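Listing of model-v6.txt, compact mmCIF, C-alpha atoms
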```
# COMPACT_ATOMS: atom_id res chain seq x y z
CA MET N 1 -32.17 247.70 116.30
CA ALA N 2 -31.49 248.53 119.93
CA ILE N 3 -33.67 245.66 121.14
CA THR N 4 -31.85 243.17 118.92
CA GLN N 5 -28.44 244.44 120.02
CA THR N 6 -29.53 244.30 123.65
CA PHE N 7 -30.42 240.62 123.31
CA ILE N 8 -27.08 239.89 121.66
CA VAL N 9 -25.25 241.72 124.48
CA ILE N 10 -27.18 239.67 127.04
CA TYR N 11 -26.27 236.48 125.17
CA SER N 12 -22.65 237.63 125.15
CA LEU N 13 -22.76 238.09 128.92
CA LEU N 14 -24.13 234.57 129.28
CA TYR N 15 -21.27 233.28 127.13
CA PHE N 16 -18.79 235.07 129.42
CA TYR N 17 -20.39 233.42 132.43
CA LYS N 18 -20.30 229.95 130.87
CA SER N 19 -16.72 230.38 129.69
CA LEU N 20 -15.53 230.91 133.27
CA SER N 21 -15.74 227.20 133.94
CA GLY N 22 -14.83 225.83 130.53
CA LYS N 23 -12.73 226.52 127.50
CA ASN N 24 -12.21 230.07 126.31
CA GLU N 25 -12.93 229.44 122.65
CA PHE N 26 -13.63 232.59 120.67
CA ILE N 27 -13.33 234.74 123.77
CA LEU N 28 -11.72 237.62 121.86
CA VAL N 29 -14.57 237.67 119.37
CA ASN N 30 -17.03 237.70 122.25
CA ILE N 31 -15.16 240.54 123.98
CA GLY N 32 -15.15 242.57 120.78
CA LEU N 33 -18.80 241.85 120.10
CA PHE N 34 -19.80 242.76 123.64
CA PHE N 35 -17.97 246.08 123.76
CA TYR N 36 -18.84 247.10 120.21
CA LEU N 37 -22.55 246.37 120.48
CA LEU N 38 -22.86 247.84 123.95
CA SER N 39 -21.08 251.04 122.98
CA SER N 40 -22.81 251.20 119.62
CA THR N 41 -26.22 250.99 121.28
CA LEU N 42 -25.26 253.72 123.74
CA ILE N 43 -23.76 255.92 121.02
CA PHE N 44 -26.82 255.69 118.80
CA ALA N 45 -29.13 256.29 121.75
CA SER N 46 -27.13 259.38 122.69
CA GLY N 47 -27.04 260.36 119.02
CA ASN N 48 -30.80 260.66 119.10
CA LEU N 49 -30.49 262.93 122.12
CA VAL N 50 -27.92 265.04 120.29
CA PHE N 51 -30.39 265.66 117.49
CA ASP N 52 -33.26 266.38 119.89
CA LEU N 53 -31.32 268.78 122.10
CA SER N 54 -29.67 270.64 119.21
CA ILE N 55 -26.15 270.07 120.52
CA ARG N 56 -23.26 271.08 118.28
CA GLU N 57 -22.55 269.04 115.17
CA GLN N 58 -19.02 268.33 116.43
CA VAL N 59 -20.45 266.06 119.11
CA SER N 60 -22.30 264.06 116.48
CA ARG N 61 -19.12 263.73 114.42
CA LEU N 62 -17.18 262.66 117.51
CA LEU N 63 -19.75 259.94 118.23
CA ASN N 64 -19.42 258.67 114.66
CA ILE N 65 -15.62 258.58 114.93
CA ILE N 66 -15.79 256.71 118.24
CA ASN N 67 -18.16 254.18 116.68
CA ALA N 68 -15.84 253.68 113.69
CA VAL N 69 -12.82 253.17 115.96
CA LEU N 70 -14.70 250.64 118.10
CA TYR N 71 -15.76 248.77 114.96
CA LEU N 72 -12.13 248.67 113.83
CA VAL N 73 -11.08 247.27 117.22
CA PHE N 74 -13.83 244.65 116.90
CA GLN N 75 -12.53 243.63 113.47
CA LEU N 76 -8.95 243.44 114.80
CA LEU N 77 -10.05 241.17 117.65
CA ILE N 78 -11.76 238.88 115.13
CA PHE N 79 -8.53 238.74 113.11
CA VAL N 80 -6.41 237.99 116.22
CA GLU N 81 -8.78 235.19 117.21
CA TRP N 82 -8.68 233.78 113.69
CA TRP N 83 -4.86 233.96 113.70
CA ARG N 84 -4.64 232.21 117.06
CA ASN N 85 -6.84 229.34 115.86
CA HIS N 86 -5.58 228.90 112.31
CA ARG N 87 -1.95 230.02 112.19
CA THR N 88 -0.60 226.45 112.27
CA ILE N 89 -2.70 225.53 109.25
CA PHE N 90 -1.60 228.69 107.46
CA LEU N 91 2.08 228.22 108.28
CA LYS N 92 2.11 224.52 107.28
CA SER N 93 0.72 225.24 103.81
CA ASN N 94 3.53 227.68 102.97
```

Show the structure stored in the file as structure tokens.
Amino acid sequence: MAITQTFIVIYSLLYFYKSLSGKNEFILVNIGLFFYLLSSTLIFASGNLVFDLSIREQVSRLLNIINAVLYLVFQLLIFVEWWRNHRTIFLKSN
């Protein structure tokens, strides 16, 4: 899982680099994807250390809460990007 997410994060960085000179289509989705996958990979990697080092269970719960909040932010960024691209279609139909 970590290897797959690492490749997607690298692809996201390449998309950031290419979007510097061109259009910024789906940039919010890319930002959300980049930060969520990067932090998720780091959280799960540190989660394995938490279990190996017998650190308190509160730390494990905190890591799960942080991951859930970052996923929610990712979903919100997807919605904002969708709204920016499709609000005229949505408003014209009503």

Inset, instruction - Just the residues within 12 Å of segment 6-18 of chain N, please, counting all atoms listed in the file, with nothing from its chain fewer than 5 positions along; format it as a ChimeraX atom specification. - result: /N:1,23-42

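For the pair atom CA of Asn67 of chain N and atom CA of Ile43 of chain N, the separation is 7.3 Å.
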
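Minimum atom-to-atom distances from N:Ala2, N:Val59, N:Val80, N:Ala68 to Ala45 of chain N were compared using only C-alpha atoms, and the lowest value belongs to N:Ala2.
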
Inset, instruction - Report the distance between atom CA of Ile66 of chain N and atom CA of Ser19 of chain N in Å, rounded to one decimal place. - result: 28.7 Å
